[in-house]
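Scroll down for the structure; my scribbles are underneath it.
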Amino acid sequence: MLNNLTQNHEYPGKLFVVEGIDGSGKTTQLGLLAKWLTAEGHRVFVTEWNSSVLVKAATKTGKKKNALTPMTFSLLHATDFADRLLYKIIPPLKAGMIVLADRYAYTAFARDATRGVDRQWVRELYSFAVRPDLALYFRVPIDVSVDRLLARRVKLKFYEAGMDMGWSSNPTESFRLFQGKVLDEYDDIVKEFGLEVVDARGSITEQQRLVRMRVAPHVQLNQVDGPPGEIIHDELV
Amino acid sequence: MTSSSDAPGAPDPGANGERQAGSYYGREIPYLPLNDYPGKLIAIEGTDGVGRTTQTQLLREWLEVKGYGVVETGWTRSPLMQPTIELAKSSNTLNKLTFVLLYATDFADRLEKEIIPALKAGFVVLSDRYIFTALARAGVRGVDRQWLRNLYGFAIAPHMVFYLNIDVKTLIGRILASRGMDFWESGMDLKHGDDIYDSFRTYQSKLLREYASMADEFHFRVVDARRTVDRIQDELRRQVSAFLEPADRPAEPMLTR
């Protein structure tokens, strides 16, 4: 058995992860964190779940025909993750950069278990992953998340809303049911993998203050002598 | 593979031969419980060019003449994944881990949509290659063997696994006499060198060793594939009928009294 996900990595860089359901505000927080780290003189590499070119094609075919099963959904995302880890996450870590990941293996643990895949099997599947230096979980009640998404007039995505489970034909209701169960899974994951919880009901500024407080011990601040910092998004590389 | 025994309290249930034929090797797919089902799963394994496909087709015809319903399945043949795998092979973007996972996705798709439904409907499922090819190819490429077995824990242990065994010298003769050596079957991605012959020999020798190392673990019925097509087929038929007939003899019409 590989146990990378439970052992500290030895790369010179740092890996910080944000987790949480849609509407938890994690992407906003990640963006602000990136800004701050860059201002402190760091080169920051930002990578997102589900952004690999290779798997996009297959996911598209699957989604179009509504043909993904919980197992193939899980395996496709693991394939995508492996691709991203080896090409987009590990190289910058080796180069001593800071990598910020918007969602990580924990997203798969929560979603796949909710879809009925064996919990332990998914954990073993992702055991090749690098353990983050810090994983922040933005915990939000389901009602708050739904209100935020509806206020932004976001069209709920088929799989995000768990429409494939057939629990409700109403996307909002399906999202509520599905992501409600995802939240329960996250609660167990937080304990098992030591994720740090941020109360995502607070104001954006207050949350960001907490985020920076938790990140600070892991990074050097005020790097005024070096080259200026920059943000690199993985889709652009 | 003995690593499942080095954690006595909580063994990792992965793909290994300890599970009963017809059930999941390891952690089952929770939403697809396998109760009693009437079908049988027969896998025909062996390296590239050993004659698997020919044997599978002959076996299918023979079974159908005897009155069995047969469903054939093969590696990377799922409608979901075939285009993606072909795309990946033709470009050079795949690393060994994503390759393994794409194959596993393809297998999961076929297992859920073809193999399990056919078994539940009482078909004999003939699988031209099974998970062992994936395990062998990935093992040769240095992927952690226990991780691979956990990954494929959701596979069903076939009722019979025929392993068509051949030596690399005979294999080379056959390949050269038929279709020639191909990039992937020669393991050129492993960069043993530019010479396709040397690469083929090195790679296939390693693959054959990897298959051989699985023979006991997964209860392979080893068949000598150096013989003629007919001799091999005779042996397969003998073993298949010994297995199928006592349990489930198809109704034979009484033509004479």
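Chains: A, B, ... in order of the structure tokens. Residues: from 1 per chain. Ligands: from 1, in order shown.
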How close does chain B get to chain A? List, as a tab-separated table, each residue of chain B within 9 Å, its nearest atom pair and the distance in Å to one decimal, counting only C-alpha atoms.
```
residue	atom	partner	partner_atom	distance
B:Ser3	CA	A:Met1	CA	8.4
B:Asp12	CA	A:Met1	CA	8.3
B:Arg27	CA	A:Trp121	CA	6.6
B:Glu28	CA	A:Asp118	CA	7.3
B:Ile29	CA	A:Val117	CA	6.3
B:Pro30	CA	A:Asp118	CA	6.2
B:Tyr31	CA	A:Gly116	CA	6.1
B:Leu80	CA	A:Gly62	CA	6.3
B:Met81	CA	A:Ala58	CA	6.6
B:Pro83	CA	A:Ala58	CA	7.8
B:Thr84	CA	A:Ala58	CA	5.9
B:Leu87	CA	A:Leu54	CA	8.5
B:Ala88	CA	A:Leu54	CA	7.3
B:Thr93	CA	A:Leu54	CA	7.9
B:Leu94	CA	A:Asp83	CA	7.9
B:Asn95	CA	A:Asp83	CA	7.6
B:Leu97	CA	A:Ala82	CA	6.6
B:Thr98	CA	A:Thr79	CA	5.1
B:Phe99	CA	A:Thr79	CA	8.0
B:Val100	CA	A:Thr79	CA	8.4
B:Leu101	CA	A:Thr79	CA	5.3
B:Leu102	CA	A:Thr79	CA	6.4
B:Ala104	CA	A:Leu75	CA	7.2
B:Thr105	CA	A:Thr72	CA	5.4
B:Asp106	CA	A:Thr72	CA	7.8
B:Phe107	CA	A:Thr72	CA	9.0
B:Ala108	CA	A:Thr72	CA	6.2
B:Asp109	CA	A:Thr72	CA	6.2
B:Glu112	CA	A:Thr69	CA	8.1
B:Asp144	CA	A:Leu2	CA	7.6
B:Arg145	CA	A:Met1	CA	8.4
B:Gln146	CA	A:Met1	CA	5.6
B:Trp147	CA	A:Met1	CA	5.5
B:Leu148	CA	A:Leu125	CA	8.8
B:Asn150	CA	A:Glu124	CA	6.9
B:Leu151	CA	A:Leu125	CA	6.0
B:Gly153	CA	A:Trp121	CA	8.2
B:Phe154	CA	A:Trp121	CA	8.8
```
Using backbone DSSP assignments, extract all helix (DSSP H, G or I) residues from region 48-237 of chain B; output them as a VMD selection string. chain B and resid 52 to 65 82 to 90 96 to 120 131 to 140 145 to 154 168 to 177 188 to 190 196 to 214 229 to 237
Next, write the just-selected residues to a file, as a compact mmCIF listing (two decimals), in the first residue's frame, keeping C-alpha atoms as the atom set.
```txt
# COMPACT_ATOMS: atom_id res chain seq x y z
CA ARG B 52 -5.83 -15.24 -27.69
CA THR B 53 -8.32 -13.67 -30.08
CA THR B 54 -8.33 -16.66 -32.43
CA GLN B 55 -8.90 -19.03 -29.52
CA THR B 56 -11.65 -16.85 -28.09
CA GLN B 57 -13.51 -16.79 -31.40
CA LEU B 58 -13.26 -20.55 -31.84
CA LEU B 59 -14.43 -21.12 -28.30
CA ARG B 60 -17.38 -18.83 -28.86
CA GLU B 61 -18.52 -20.66 -31.99
CA TRP B 62 -18.23 -24.01 -30.29
CA LEU B 63 -20.17 -22.83 -27.22
CA GLU B 64 -22.93 -21.36 -29.36
CA VAL B 65 -23.27 -24.57 -31.35
CA GLN B 82 -12.01 3.73 -26.52
CA PRO B 83 -11.67 7.14 -28.21
CA THR B 84 -9.82 8.55 -25.21
CA ILE B 85 -7.36 5.69 -25.00
CA GLU B 86 -6.69 5.83 -28.73
CA LEU B 87 -6.16 9.58 -28.47
CA ALA B 88 -3.80 9.12 -25.57
CA LYS B 89 -1.80 6.43 -27.34
CA SER B 90 -1.39 8.55 -30.43
CA LYS B 96 2.18 5.23 -16.56
CA LEU B 97 -0.24 6.16 -13.80
CA THR B 98 -2.80 7.84 -16.03
CA PHE B 99 -2.50 4.92 -18.45
CA VAL B 100 -3.31 2.46 -15.67
CA LEU B 101 -6.26 4.55 -14.54
CA LEU B 102 -7.67 4.96 -18.06
CA TYR B 103 -7.55 1.19 -18.54
CA ALA B 104 -9.24 0.70 -15.17
CA THR B 105 -11.98 3.15 -16.18
CA ASP B 106 -12.51 1.24 -19.40
CA PHE B 107 -12.69 -2.01 -17.47
CA ALA B 108 -15.16 -0.61 -14.92
CA ASP B 109 -17.39 0.60 -17.73
CA ARG B 110 -17.44 -2.81 -19.39
CA LEU B 111 -17.83 -4.65 -16.08
CA GLU B 112 -20.91 -2.65 -15.08
CA LYS B 113 -22.53 -2.35 -18.48
CA GLU B 114 -21.60 -5.60 -20.24
CA ILE B 115 -20.12 -8.25 -18.00
CA ILE B 116 -22.34 -8.11 -14.91
CA PRO B 117 -25.63 -7.74 -16.86
CA ALA B 118 -24.63 -10.66 -19.11
CA LEU B 119 -23.74 -12.85 -16.13
CA LYS B 120 -27.05 -12.03 -14.47
CA ILE B 131 -7.24 -7.52 -15.52
CA PHE B 132 -4.05 -9.58 -15.62
CA THR B 133 -2.82 -7.83 -18.75
CA ALA B 134 -3.27 -4.52 -16.97
CA LEU B 135 -1.49 -5.83 -13.87
CA ALA B 136 1.38 -7.21 -15.95
CA ARG B 137 1.88 -4.10 -18.08
CA ALA B 138 1.77 -1.78 -15.09
CA GLY B 139 3.93 -4.05 -12.95
CA VAL B 140 6.63 -4.05 -15.64
CA ARG B 145 1.73 -3.98 -7.17
CA GLN B 146 -0.36 -3.80 -4.03
CA TRP B 147 -1.87 -0.51 -5.17
CA LEU B 148 -2.78 -2.16 -8.48
CA ARG B 149 -4.44 -5.06 -6.71
CA ASN B 150 -6.47 -2.71 -4.54
CA LEU B 151 -7.45 -0.72 -7.60
CA TYR B 152 -8.76 -3.83 -9.37
CA GLY B 153 -10.42 -5.16 -6.23
CA PHE B 154 -13.77 -4.40 -7.88
CA VAL B 168 9.79 -15.19 -26.10
CA LYS B 169 11.69 -16.90 -28.94
CA THR B 170 8.60 -18.62 -30.31
CA LEU B 171 6.63 -15.41 -29.83
CA ILE B 172 9.12 -13.40 -31.88
CA GLY B 173 8.95 -15.93 -34.71
CA ARG B 174 5.17 -15.71 -34.75
CA ILE B 175 4.99 -11.93 -34.60
CA LEU B 176 7.50 -11.52 -37.44
CA ALA B 177 5.65 -14.07 -39.57
CA MET B 188 9.14 1.41 -26.81
CA ASP B 189 7.66 3.85 -24.28
CA LEU B 190 10.04 2.34 -21.72
CA ILE B 196 12.55 -2.31 -31.88
CA TYR B 197 13.70 -5.94 -31.94
CA ASP B 198 15.82 -5.61 -28.79
CA SER B 199 13.11 -3.60 -27.10
CA PHE B 200 10.43 -6.16 -28.01
CA ARG B 201 12.54 -9.03 -26.67
CA THR B 202 13.37 -7.26 -23.40
CA TYR B 203 9.86 -5.99 -22.84
CA GLN B 204 8.02 -9.20 -23.69
CA SER B 205 10.43 -11.24 -21.56
CA LYS B 206 9.60 -9.02 -18.61
CA LEU B 207 5.88 -9.25 -19.35
CA LEU B 208 6.03 -13.05 -19.54
CA ARG B 209 7.80 -13.17 -16.17
CA GLU B 210 5.15 -10.85 -14.72
CA TYR B 211 2.32 -13.07 -16.00
CA ALA B 212 4.08 -16.18 -14.70
CA SER B 213 4.40 -14.62 -11.27
CA MET B 214 0.60 -14.23 -11.13
CA VAL B 229 -4.34 -23.63 -32.96
CA ASP B 230 -6.37 -26.86 -33.04
CA ARG B 231 -4.46 -28.58 -30.25
CA ILE B 232 -4.83 -25.54 -28.01
CA GLN B 233 -8.52 -25.26 -28.82
CA ASP B 234 -9.05 -28.94 -27.99
CA GLU B 235 -7.58 -28.42 -24.56
CA LEU B 236 -9.69 -25.32 -23.91
CA ARG B 237 -12.86 -27.12 -24.97
```
Using only C-alpha atoms, the best pick from A:Ala101, A:Asp188, A:Arg212, A:Val219 as closest to Lys35 (chain A) would be A:Arg212
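In this comparison, which uses only C-alpha atoms, the residue of B:Ser78, B:Thr47, B:Asn165, B:Thr228 approaching Glu185 (chain B) most closely is B:Thr47.
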Would you compute the distance between CA of Val146 (chain A) and CA of Leu32 (chain A)? Give it in Å to one decimal. 22.5 Å
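Counting only C-alpha atoms, Thr107 (chain A) has the following residues at most 7 Å away, ignoring those fewer than 4 positions along the same chain: A:Glu19, A:Arg103, A:Arg111.
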For the residues in the current selection, export C-alpha atoms as a CSV table (one decimal), in the first residue's frame.
```
chain,number,residue,atom,x,y,z
A,19,GLU,CA,-11.8,22.2,0.0
A,103,ARG,CA,-10.1,21.0,-4.5
A,111,ARG,CA,-18.4,12.9,-3.7
```
Polymer residues at most 7 Å from Thr114 (chain A), only C-alpha atoms, same-chain spacing of 4 or more positions, as a PDB file with C-alpha atoms, in the first residue's frame:
```pdb
ATOM      1  CA  ALA A 110     -16.625  13.020  -0.313  1.00  0.00           C
ATOM      2  CA  LYS A 181     -24.654  14.119   2.056  1.00  0.00           C
ATOM      3  CA  VAL A 182     -21.315  15.364   0.709  1.00  0.00           C
TER       4      VAL A 182
END
```
Skipping near chain neighbours, those fewer than 3 positions away, what residues fall within 8 Å of region 36-44 of chain B using only C-alpha atoms, listed as an mmCIF file with C-alpha atoms, in the first residue's frame?
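Heads up, here's the output in result34.cif:
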```cif
data_model
loop_
_atom_site.group_PDB
_atom_site.id
_atom_site.type_symbol
_atom_site.label_atom_id
_atom_site.label_comp_id
_atom_site.auth_asym_id
_atom_site.auth_seq_id
_atom_site.Cartn_x
_atom_site.Cartn_y
_atom_site.Cartn_z
ATOM 1 C CA GLY B 22 -17.546 -15.452 -9.450
ATOM 2 C CA ARG B 52 -5.829 -15.240 -27.687
ATOM 3 C CA THR B 56 -11.652 -16.851 -28.085
ATOM 4 C CA ALA B 118 -24.625 -10.662 -19.110
ATOM 5 C CA LEU B 119 -23.736 -12.851 -16.126
ATOM 6 C CA LYS B 120 -27.049 -12.033 -14.471
ATOM 7 C CA ALA B 121 -28.841 -12.933 -17.716
ATOM 8 C CA GLY B 122 -27.137 -16.336 -17.813
ATOM 9 C CA PHE B 123 -24.575 -15.805 -20.558
ATOM 10 C CA VAL B 124 -21.116 -17.284 -20.756
ATOM 11 C CA VAL B 125 -18.886 -14.213 -20.870
ATOM 12 C CA LEU B 126 -15.642 -14.718 -22.769
ATOM 13 C CA SER B 127 -13.106 -12.064 -21.933
ATOM 14 C CA ASP B 128 -10.277 -11.672 -24.420
ATOM 15 C CA ARG B 129 -7.727 -10.409 -21.864
ATOM 16 C CA TYR B 130 -8.761 -9.538 -18.347
ATOM 17 C CA PRO B 158 -13.439 -15.366 -13.284
ATOM 18 C CA HIS B 159 -14.703 -18.920 -13.011
ATOM 19 C CA MET B 160 -11.827 -19.950 -15.287
ATOM 20 C CA VAL B 161 -8.669 -18.132 -16.356
ATOM 21 C CA PHE B 162 -6.796 -19.677 -19.274
ATOM 22 C CA TYR B 163 -3.287 -18.398 -19.611
ATOM 23 C CA LEU B 164 -1.765 -19.000 -23.036
#
```
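If you measure from each of B:Ile166, B:Ala242, B:Val70, B:Ala21 to Arg226 (chain B) using only C-alpha atoms, the closest one turns out to be B:Ile166.
Separating CA of Gly229 (chain A) from CA of His42 (chain A) is a distance of 4.4 Å.
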